[in-house]
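> Structure file structure-v1.txt (compact mmCIF, C-alpha atoms) is given on the next line.
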# COMPACT_ATOMS: atom_id res chain seq x y z
CA MET A 1 66.94 93.85 105.12
CA SER A 2 64.84 94.82 108.07
CA LYS A 3 64.38 92.10 110.65
CA TYR A 4 63.56 93.89 113.88
CA LEU A 5 60.81 93.28 116.41
CA THR A 6 57.79 94.36 114.35
CA PRO A 7 56.14 92.40 111.53
CA ARG A 8 57.77 93.09 108.19
CA ARG A 9 59.29 91.42 105.21
CA ALA A 10 56.07 90.08 103.81
CA THR A 11 56.52 87.74 100.88
CA LEU A 12 58.19 89.84 98.19
CA VAL A 13 56.66 90.16 94.77
CA MET A 14 59.50 89.93 92.25
CA PRO A 15 58.02 90.26 88.76
CA VAL A 16 60.05 90.34 85.59
CA VAL A 17 59.85 93.99 84.61
CA ALA A 18 60.87 95.31 81.24
CA VAL A 19 62.43 98.60 82.20
CA VAL A 20 63.17 100.49 85.41
CA ALA A 21 62.80 104.28 85.42
CA ALA A 22 65.31 106.02 83.14
CA MET A 23 68.31 107.61 84.71
CA SER A 24 68.29 111.41 85.02
CA ALA A 25 70.53 113.22 82.57
CA VAL A 26 73.37 114.83 84.50
CA ALA A 27 76.04 117.11 83.09
CA LEU A 28 79.39 115.51 83.85
CA HIS A 29 83.00 116.50 83.33
CA ALA A 30 83.79 113.96 80.60
CA GLU A 31 81.87 111.95 78.03
CA ALA A 32 83.03 108.60 79.42
CA ALA A 33 81.75 109.47 82.87
CA ALA A 34 78.35 110.48 81.47
CA ARG A 35 77.27 106.97 80.59
CA PRO A 36 74.46 105.74 82.88
CA PRO A 37 75.26 102.41 84.53
CA GLY A 38 72.78 100.39 82.54
CA SER A 39 73.05 102.12 79.17
CA ALA A 40 73.88 100.41 75.90
CA THR A 41 77.23 102.19 75.91
CA ALA A 42 78.20 100.77 79.28
CA ALA A 43 79.56 97.61 77.68
CA ALA A 44 81.79 99.64 75.37
CA ALA A 45 82.98 101.71 78.30
CA ALA A 46 83.89 98.53 80.14
CA ALA A 47 86.46 97.75 77.47
CA ALA A 48 88.40 100.91 78.26
CA PRO A 49 90.71 101.40 81.25
CA VAL A 50 89.50 103.39 84.22
CA ASN A 51 89.98 107.12 83.71
CA VAL A 52 90.01 108.52 87.21
CA LEU A 53 90.02 112.07 85.82
CA ALA A 54 86.57 111.42 84.35
CA THR A 55 85.03 110.72 87.76
CA PRO A 56 82.72 113.67 88.46
CA THR A 57 83.39 115.77 91.54
CA THR A 58 80.19 117.84 91.63
CA PRO A 59 76.97 116.15 92.78
CA PRO A 60 73.80 116.64 90.74
CA GLY A 61 71.22 119.01 92.14
CA SER A 62 68.85 116.18 93.01
CA TYR A 63 68.95 112.40 93.32
CA PRO A 64 69.04 110.69 89.92
CA ASN A 65 66.79 107.79 89.09
CA PRO A 66 68.36 104.33 88.78
CA GLY A 67 70.02 103.46 85.50
CA VAL A 68 67.97 101.63 82.89
CA VAL A 69 67.95 97.86 83.46
CA SER A 70 65.68 95.13 82.12
CA GLY A 71 64.86 91.45 82.37
CA ALA A 72 65.04 89.66 85.72
CA ILE A 73 65.22 92.81 87.85
CA GLY A 74 62.93 91.81 90.70
CA THR A 75 65.34 91.67 93.63
CA HIS A 76 65.86 92.15 97.34
CA ASP A 77 69.20 92.64 99.09
CA PRO A 78 71.27 92.38 95.89
CA THR A 79 75.04 91.87 95.88
CA MET A 80 77.09 91.86 92.69
CA VAL A 81 80.47 90.56 91.55
CA LYS A 82 82.13 90.85 88.17
CA ALA A 83 83.66 87.60 86.99
CA PRO A 84 87.17 87.59 85.48
CA ALA A 85 85.59 86.96 82.08
CA GLY A 86 83.37 90.04 82.47
CA THR A 87 79.99 88.55 83.39
CA TYR A 88 78.13 90.11 86.30
CA ILE A 89 76.66 87.76 88.89
CA VAL A 90 74.00 88.99 91.30
CA ALA A 91 73.04 87.00 94.39
CA GLN A 92 70.00 88.04 96.39
CA THR A 93 67.51 87.06 99.06
CA GLY A 94 65.31 84.19 97.93
CA ASP A 95 64.63 80.50 98.24
CA ASN A 96 68.06 78.88 98.61
CA ILE A 97 69.61 82.22 97.42
CA THR A 98 68.61 83.23 93.92
CA LEU A 99 71.05 84.21 91.16
CA THR A 100 70.86 86.46 88.12
CA THR A 101 73.53 87.27 85.55
CA SER A 102 74.27 89.98 83.01
CA THR A 103 76.89 90.48 80.32
CA ASP A 104 76.44 94.26 80.13
CA ARG A 105 75.09 95.40 83.54
CA THR A 106 71.85 96.26 81.72
CA VAL A 107 69.94 93.11 80.77
CA PHE A 108 69.66 90.57 83.60
CA ARG A 109 68.69 86.92 83.30
CA ALA A 110 67.52 84.43 85.93
CA ALA A 111 70.28 81.92 86.70
CA GLY A 112 68.79 79.50 89.21
CA ALA A 113 69.64 79.14 92.89
CA VAL A 114 72.86 78.70 94.81
CA PHE A 115 71.51 75.53 96.42
CA PRO A 116 68.94 74.06 93.99
CA GLY A 117 68.69 70.97 96.17
CA GLY A 118 68.00 73.00 99.32
CA ALA A 119 70.06 73.98 102.36
CA PRO A 120 68.82 71.81 105.24
CA TRP A 121 71.60 72.99 107.56
CA THR A 122 69.91 76.40 107.72
CA ARG A 123 66.43 75.22 108.68
CA ALA A 124 67.00 75.40 112.45
CA TYR A 125 67.29 79.19 112.02
CA THR A 126 64.59 79.75 109.38
CA GLY A 127 61.75 77.84 110.99
CA GLY A 128 61.86 75.37 108.11
CA SER A 129 61.68 78.01 105.38
CA ALA A 130 63.89 77.75 102.28
CA ARG A 131 64.21 81.53 102.15
CA LEU A 132 67.76 82.71 102.88
CA TRP A 133 68.69 86.33 103.34
CA ALA A 134 71.11 89.01 102.29
CA PRO A 135 74.05 87.22 100.67
CA ASP A 136 77.44 88.77 99.97
CA ILE A 137 79.30 87.52 96.89
CA SER A 138 82.94 88.21 96.03
CA TYR A 139 85.87 86.63 94.19
CA HIS A 140 89.18 85.76 95.85
CA ASN A 141 91.92 83.19 95.35
CA GLY A 142 90.37 81.90 92.14
CA GLN A 143 86.96 81.13 93.61
CA TYR A 144 83.72 82.78 94.60
CA TYR A 145 82.84 83.33 98.24
CA LEU A 146 79.24 83.66 99.36
CA TYR A 147 78.33 84.65 102.90
CA TYR A 148 74.61 84.38 103.60
CA SER A 149 72.24 84.52 106.54
CA ALA A 150 69.45 82.38 107.95
CA SER A 151 66.89 83.80 110.34
CA THR A 152 63.20 84.49 110.93
CA PHE A 153 61.25 87.74 111.10
CA GLY A 154 61.89 89.86 114.14
CA GLU A 155 64.25 87.41 115.83
CA ASN A 156 67.98 87.51 116.49
CA ARG A 157 68.28 83.74 116.60
CA SER A 158 70.26 83.87 113.39
CA ALA A 159 73.31 82.49 111.63
CA ILE A 160 75.76 83.39 108.89
CA PHE A 161 77.20 80.63 106.70
CA LEU A 162 79.86 80.48 103.98
CA ALA A 163 79.73 78.71 100.62
CA THR A 164 82.35 78.68 97.86
CA SER A 165 82.27 77.90 94.16
CA PRO A 166 84.78 77.67 91.31
CA THR A 167 82.30 79.20 88.81
CA GLY A 168 79.53 81.00 90.72
CA ALA A 169 76.90 79.01 88.82
CA SER A 170 73.77 77.45 90.30
CA GLY A 171 74.49 74.07 91.87
CA SER A 172 78.26 74.58 91.92
CA TRP A 173 78.40 75.83 95.50
CA THR A 174 79.81 73.92 98.46
CA ASN A 175 78.68 74.90 101.93
CA ARG A 176 81.76 75.52 104.12
CA GLY A 177 79.95 75.82 107.42
CA LEU A 178 78.78 78.16 110.13
CA VAL A 179 80.71 81.42 110.52
CA ILE A 180 78.85 83.02 113.43
CA GLU A 181 75.45 82.71 115.07
CA SER A 182 73.46 84.89 117.44
CA ARG A 183 71.09 83.79 120.18
CA THR A 184 68.23 85.57 121.88
CA SER A 185 70.57 86.38 124.77
CA ASP A 186 73.00 88.24 122.47
CA ASN A 187 72.89 91.98 121.85
CA PHE A 188 73.53 91.60 118.10
CA ASN A 189 71.93 89.89 115.13
CA ALA A 190 74.02 87.62 112.88
CA ILE A 191 72.59 88.59 109.50
CA ASP A 192 73.55 90.84 106.55
CA PRO A 193 77.17 89.66 106.14
CA ASN A 194 79.82 91.48 104.11
CA LEU A 195 83.45 90.49 103.52
CA ILE A 196 86.26 93.03 103.21
CA VAL A 197 89.87 92.08 102.49
CA ASP A 198 92.08 94.95 103.65
CA ASP A 199 95.29 96.26 102.13
CA ASN A 200 97.32 94.01 104.41
CA GLY A 201 95.49 90.89 103.24
CA ARG A 202 93.48 90.53 106.44
CA TRP A 203 89.88 89.33 106.15
CA TRP A 204 87.02 90.92 108.08
CA LEU A 205 83.31 90.12 108.15
CA ASN A 206 80.91 92.98 108.84
CA PHE A 207 77.31 92.15 109.73
CA GLY A 208 74.31 93.09 111.83
CA SER A 209 70.84 94.60 112.02
CA PHE A 210 69.19 96.68 114.77
CA TRP A 211 69.94 95.51 118.35
CA SER A 212 73.29 97.08 119.38
CA GLY A 213 74.22 97.78 115.76
CA LEU A 214 76.72 96.55 113.19
CA GLN A 215 79.57 94.27 114.16
CA GLN A 216 82.88 93.05 112.78
CA ILE A 217 84.83 89.83 113.29
CA ALA A 218 88.17 88.59 111.95
CA LEU A 219 88.24 85.72 109.45
CA ASN A 220 90.93 83.18 108.63
CA PRO A 221 91.87 83.82 104.96
CA SER A 222 92.70 80.13 104.52
CA THR A 223 89.19 78.96 105.41
CA GLY A 224 86.99 82.06 105.24
CA LEU A 225 85.67 81.11 108.69
CA ARG A 226 85.98 82.92 111.99
CA ALA A 227 89.53 83.46 113.22
CA ASP A 228 88.97 84.23 116.90
CA SER A 229 86.30 85.08 119.48
CA SER A 230 86.59 88.87 119.32
CA ILE A 231 83.74 91.04 118.07
CA ARG A 232 83.85 94.78 117.41
CA LEU A 233 81.01 97.31 117.17
CA ILE A 234 81.51 99.47 114.05
CA ALA A 235 78.18 101.36 113.80
CA GLY A 236 75.01 101.77 115.81
CA ARG A 237 71.99 103.97 116.51
CA ASN A 238 71.33 103.04 120.14
CA GLY A 239 69.10 100.17 119.09
CA GLY A 240 67.59 102.05 116.17
CA ALA A 241 67.17 101.03 112.57
CA ILE A 242 70.57 100.36 111.03
CA GLU A 243 71.64 97.34 108.99
CA ALA A 244 73.22 96.05 105.77
CA PRO A 245 76.88 97.03 106.23
CA HIS A 246 79.05 97.05 103.13
CA MET A 247 82.70 98.14 103.24
CA PHE A 248 84.51 99.40 100.15
CA LYS A 249 88.08 100.67 99.87
CA ARG A 250 88.86 103.66 97.68
CA GLY A 251 92.00 105.73 97.95
CA PRO A 252 93.04 106.13 101.59
CA TYR A 253 89.59 105.35 102.98
CA TYR A 254 87.51 102.37 103.89
CA TYR A 255 83.94 103.51 103.25
CA LEU A 256 81.31 101.86 105.43
CA TRP A 257 77.98 101.91 103.63
CA VAL A 258 74.87 101.22 105.72
CA SER A 259 71.08 101.42 105.48
CA PHE A 260 69.04 103.49 107.93
CA ASP A 261 65.35 103.16 108.78
CA ARG A 262 62.79 100.65 107.49
CA CYS A 263 62.73 98.38 104.51
CA CYS A 264 60.24 95.69 103.48
CA GLN A 265 57.12 97.86 103.55
CA GLY A 266 56.71 98.35 99.82
CA ALA A 267 56.21 101.94 98.72
CA ALA A 268 55.95 102.97 102.38
CA SER A 269 59.55 101.89 103.05
CA THR A 270 61.84 104.56 104.50
CA TYR A 271 65.19 102.87 103.83
CA ARG A 272 67.99 105.28 102.90
CA ILE A 273 71.64 104.78 102.09
CA MET A 274 74.27 106.30 104.39
CA VAL A 275 78.05 106.25 104.53
CA GLY A 276 80.97 106.89 106.86
CA ARG A 277 84.67 106.35 106.41
CA SER A 278 87.93 105.55 108.17
CA THR A 279 91.56 105.01 107.22
CA SER A 280 91.32 101.65 109.03
CA PRO A 281 88.96 98.76 108.24
CA ASN A 282 88.33 98.56 111.98
CA GLY A 283 87.27 102.21 112.33
CA PRO A 284 86.41 104.48 113.93
CA PHE A 285 84.12 105.45 111.06
CA VAL A 286 82.91 109.03 110.92
CA ASP A 287 80.50 110.95 108.72
CA ARG A 288 81.12 114.22 106.87
CA ASN A 289 80.54 116.17 110.10
CA GLY A 290 82.97 114.04 112.10
CA THR A 291 80.26 112.18 114.04
CA ARG A 292 81.15 108.57 114.68
CA LEU A 293 78.89 105.93 113.19
CA THR A 294 78.90 104.22 116.58
CA SER A 295 77.13 107.36 117.86
CA GLY A 296 74.44 107.39 115.19
CA GLY A 297 76.41 109.29 112.55
CA GLY A 298 76.10 108.80 108.83
CA THR A 299 76.16 110.94 105.67
CA GLN A 300 73.16 110.41 103.42
CA VAL A 301 73.94 109.39 99.84
CA LEU A 302 70.56 108.27 98.51
CA ALA A 303 66.98 108.38 99.77
CA GLY A 304 63.50 107.96 98.37
CA HIS A 305 62.43 110.43 95.69
CA GLY A 306 59.54 110.50 93.23
CA SER A 307 58.59 106.93 92.34
CA ILE A 308 61.78 105.51 93.92
CA HIS A 309 60.91 104.36 97.45
CA GLY A 310 63.17 103.08 100.21
CA PRO A 311 66.48 102.52 98.39
CA GLY A 312 68.83 100.42 100.47
CA HIS A 313 70.70 97.20 101.19
CA GLN A 314 73.47 98.50 99.03
CA ALA A 315 76.69 97.06 97.65
CA VAL A 316 79.54 98.75 95.78
CA ILE A 317 81.84 97.30 93.13
CA ALA A 318 84.72 98.89 91.25
CA ASP A 319 84.11 98.56 87.51
CA THR A 320 86.05 99.81 84.50
CA ASP A 321 83.83 102.85 83.92
CA ALA A 322 83.24 103.87 87.56
CA ASP A 323 82.49 102.64 91.04
CA VAL A 324 78.97 101.22 90.93
CA LEU A 325 76.28 101.36 93.61
CA VAL A 326 73.87 98.40 93.55
CA TYR A 327 70.73 98.36 95.73
CA HIS A 328 67.05 97.54 95.84
CA TYR A 329 64.17 100.01 95.93
CA TYR A 330 60.38 99.81 95.77
CA ALA A 331 58.20 100.94 92.90
CA ASN A 332 54.85 102.64 93.41
CA ASN A 333 53.14 99.25 93.23
CA GLY A 334 55.33 97.89 96.05
CA ALA A 335 57.50 95.66 93.85
CA SER A 336 61.16 95.45 94.88
CA ARG A 337 63.48 96.22 91.99
CA LEU A 338 67.16 96.42 91.14
CA GLY A 339 68.74 99.86 91.31
CA ILE A 340 72.13 100.73 89.80
CA ASN A 341 73.90 104.09 89.78
CA LEU A 342 77.45 105.25 89.26
CA LEU A 343 79.39 106.96 92.05
CA GLY A 344 81.27 110.23 91.92
CA TYR A 345 83.40 111.71 94.69
CA ASP A 346 83.52 115.35 95.69
CA SER A 347 86.67 117.32 96.41
CA ALA A 348 86.71 116.01 99.99
CA GLY A 349 86.35 112.40 98.84
CA TRP A 350 82.72 111.89 99.83
CA PRO A 351 80.67 109.77 97.41
CA PHE A 352 77.50 110.76 95.60
CA VAL A 353 75.29 109.04 93.02
CA TYR A 354 74.88 110.17 89.44
Could the structure of this file be written out as structure tokens, please?

Amino acid sequence: MSKYLTPRRATLVMPVVAVVAAMSAVALHAEAAARPPGSATAAAAAAAPVNVLATPTTPPGSYPNPGVVSGAIGTHDPTMVKAPAGTYIVAQTGDNITLTTSTDRTVFRAAGAVFPGGAPWTRAYTGGSARLWAPDISYHNGQYYLYYSASTFGENRSAIFLATSPTGASGSWTNRGLVIESRTSDNFNAIDPNLIVDDNGRWWLNFGSFWSGLQQIALNPSTGLRADSSIRLIAGRNGGAIEAPHMFKRGPYYYLWVSFDRCCQGAASTYRIMVGRSTSPNGPFVDRNGTRLTSGGGTQVLAGHGSIHGPGHQAVIADTDADVLVYHYYANNGASRLGINLLGYDSAGWPFVY
């Protein structure tokens, strides 16, 4: 979500839309892998175990459209988790963090707000606004963790907070406190949080937008709060437009997904989804050409095409049919909508959408 030094992020129009553009038909290596992420067969596929051999290894010739979804699909900065019982929960930017749910990753229903009574502890950072930004939802230790940010347009006087819940439902969340804040004197912006738990059980929070780039801090797994005073730069474009880090582990690699360029300008948005990878959650992350993400590197995975404008602020989850890329994009009329695609990996292990 773009929050740099120029006016942006006007009030978002989030209508209930019946259907997003149909997903392009792509020839895949196996029938199970051919199911689009929001199709009626997706629920049936979810009942089957993951078949890694069905994951396609050849990218389509052009970017596919998002999978078909319906219902409450107006969104901005979506993040998704799959509950143990199989329900999908989406948290997104909105007043007091808005929630939607789905039983099949196709039809989405409004599910209230994380803090229906408000979040007064955030108001010092939002200028009194109830609008909270760019949450990150995940499930660990039998409960849901939600990292979320509070800020104002174009400022880096910002803060990231943590809330937890036993169910993920509206009104069930307990605020656990401030994780990190940034001041105008800092060279980073404390927004767009993302939690990664590495293979050794260590917790890391990735975050950031513009300024010096994307940062990482260590968390205490017992509390979910900051473990020490260290901060590490993991990606940057020399002050240019980079934000929305999301780290996802697959095979030997930690993939660092980021958004380049500008969001929040409706159909004129230039957001695009990039990725780098490392064998360590701390980096260094490099793109397909070996350029470090701290030096402006990044391999493009999805960009605007046709009536799909400015796809970005992505998240990735591992589901039973495939790894799933979740993001927002803008329609021709400027409305921000939910995008979902499946991910394949080429012979070198680099992801692509299908």
> Fewer than 3 positions away in the same chain doesn't count, so skip those; otherwise give me all residues within 10 Å of Ser307 in chain A, counting only C-alpha atoms, as a PyMOL selection string.
chain A and resi 21+65+267+304+310+329-333
> Quick one: everything within 10 Å of Lys82 in chain A, counting all atoms listed in the file, minus sequence neighbours fewer than 2 positions away in the same chain. Send it as a compact mmCIF listing (two decimals) with C-alpha atoms, keeping the file's coordinate frame.

# COMPACT_ATOMS: atom_id res chain seq x y z
CA MET A 80 77.09 91.86 92.69
CA PRO A 84 87.17 87.59 85.48
CA ALA A 85 85.59 86.96 82.08
CA GLY A 86 83.37 90.04 82.47
CA THR A 87 79.99 88.55 83.39
CA TYR A 88 78.13 90.11 86.30
CA ILE A 89 76.66 87.76 88.89
CA VAL A 90 74.00 88.99 91.30
CA THR A 101 73.53 87.27 85.55
CA SER A 102 74.27 89.98 83.01
CA THR A 103 76.89 90.48 80.32
CA ARG A 105 75.09 95.40 83.54
CA ILE A 137 79.30 87.52 96.89
CA SER A 138 82.94 88.21 96.03
CA TYR A 139 85.87 86.63 94.19
CA ILE A 317 81.84 97.30 93.13
CA ALA A 318 84.72 98.89 91.25
CA ASP A 319 84.11 98.56 87.51
> Kindly indicate which residue among A:Val258, A:Val316, A:Ala235, A:Val179 lies nearest to Thr291 in chain A, using only C-alpha atoms for the distances.
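The shortest atom-to-atom distance to Thr291 in chain A comes from A:Ala235.
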> Name the closest residue to Gln216 in chain A among the candidates A:Gly296, A:Pro245, A:Pro311, A:Pro351; distances are taken between atoms, counting all atoms listed in the file.
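Using all atoms listed in the file, the shortest distance to Gln216 in chain A belongs to A:Pro245.
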> The residues within 10 Å of (72.9, 82.4, 90.8), using all atoms listed in the file and the coordinates of the file, should be reported as a PDB file with C-alpha atoms, keeping the file's coordinate frame; which are they?

ATOM      1  CA  ILE A  89      76.660  87.760  88.890  1.00  0.00           C
ATOM      2  CA  VAL A  90      74.000  88.990  91.300  1.00  0.00           C
ATOM      3  CA  ALA A  91      73.040  87.000  94.390  1.00  0.00           C
ATOM      4  CA  GLN A  92      70.000  88.040  96.390  1.00  0.00           C
ATOM      5  CA  ASN A  96      68.060  78.880  98.610  1.00  0.00           C
ATOM      6  CA  ILE A  97      69.610  82.220  97.420  1.00  0.00           C
ATOM      7  CA  THR A  98      68.610  83.230  93.920  1.00  0.00           C
ATOM      8  CA  LEU A  99      71.050  84.210  91.160  1.00  0.00           C
ATOM      9  CA  THR A 100      70.860  86.460  88.120  1.00  0.00           C
ATOM     10  CA  THR A 101      73.530  87.270  85.550  1.00  0.00           C
ATOM     11  CA  ARG A 109      68.690  86.920  83.300  1.00  0.00           C
ATOM     12  CA  ALA A 110      67.520  84.430  85.930  1.00  0.00           C
ATOM     13  CA  ALA A 111      70.280  81.920  86.700  1.00  0.00           C
ATOM     14  CA  GLY A 112      68.790  79.500  89.210  1.00  0.00           C
ATOM     15  CA  ALA A 113      69.640  79.140  92.890  1.00  0.00           C
ATOM     16  CA  VAL A 114      72.860  78.700  94.810  1.00  0.00           C
ATOM     17  CA  PHE A 115      71.510  75.530  96.420  1.00  0.00           C
ATOM     18  CA  PRO A 116      68.940  74.060  93.990  1.00  0.00           C
ATOM     19  CA  GLY A 168      79.530  81.000  90.720  1.00  0.00           C
ATOM     20  CA  ALA A 169      76.900  79.010  88.820  1.00  0.00           C
ATOM     21  CA  SER A 170      73.770  77.450  90.300  1.00  0.00           C
ATOM     22  CA  GLY A 171      74.490  74.070  91.870  1.00  0.00           C
ATOM     23  CA  SER A 172      78.260  74.580  91.920  1.00  0.00           C
ATOM     24  CA  TRP A 173      78.400  75.830  95.500  1.00  0.00           C
TER      25      TRP A 173
END
> Work out how far apart CA of Gly117 in chain A and CA of Ser165 in chain A are and give it in Å to one decimal.
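Rounded to one decimal, the two atoms are 15.4 Å apart.
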> So how many Å separate CA of Glu181 in chain A and CA of Ser222 in chain A, to one decimal?
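Distance reported for this atom pair: 20.4 Å.
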> I'd like the interatomic distance between CA of Lys249 in chain A and CA of Pro284 in chain A, to a tenth of an Å.
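Going from CA of Lys249 in chain A over to CA of Pro284 in chain A covers 14.7 Å.
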> Using all atoms listed in the file, which of the listed residues (A:Ser269, A:Tyr125, A:Gly334, A:Val301) sits closest to Pro59 in chain A?
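Nearest to Pro59 in chain A: A:Val301.
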> Residues within 6 Å of Ala134 in chain A, please, as a list in words. Count all atoms listed in the file; anything in the same chain fewer than 3 positions from it doesn't count.
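The residues that qualify are Asp77, Thr93, Tyr148 and Asp192 of chain A.
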> Is there a way to get, as a count of residues only, all residues within 10 Å of the point (87.2, 84.4, 108.7) in file coordinates, counting all atoms listed in the file?
20
> Which of these, A:Arg277, A:Arg123, A:Arg232, A:Arg272, has the shortest distance to Tyr254 in chain A once you count all atoms listed in the file?
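Comparing A:Arg277, A:Arg123, A:Arg232, A:Arg272 against Tyr254 in chain A, the winner is A:Arg277.
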> Skip Tyr354 in chain A itself and residues of its chain fewer than 4 positions away, then list as an MDAnalysis selection string all residues within 7 Å of it, counting all atoms listed in the file.
chainID A and resid 26 60 64 341:344
> Point out the residue among A:Phe260, A:Tyr63, A:Trp133, A:Tyr253 with the least atom-to-atom distance to Leu146 in chain A, counting only C-alpha atoms.
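Using only C-alpha atoms, the shortest distance to Leu146 in chain A belongs to A:Trp133.
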> Determine the nearest neighbour of Pro281 in chain A from the options A:Asn206, A:Ser158, A:Ser212, A:Ser347, counting only C-alpha atoms.
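Of A:Asn206, A:Ser158, A:Ser212, A:Ser347, the one nearest Pro281 in chain A is A:Asn206, counting only C-alpha atoms.
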> Quick one: residues within 7 Å of Asn156 in chain A, all atoms listed in the file counted, chain neighbours fewer than 2 positions away excluded, as a list in words?
Gly154, Ser158, Ser182, Arg183, Thr184 and Asn189 of chain A
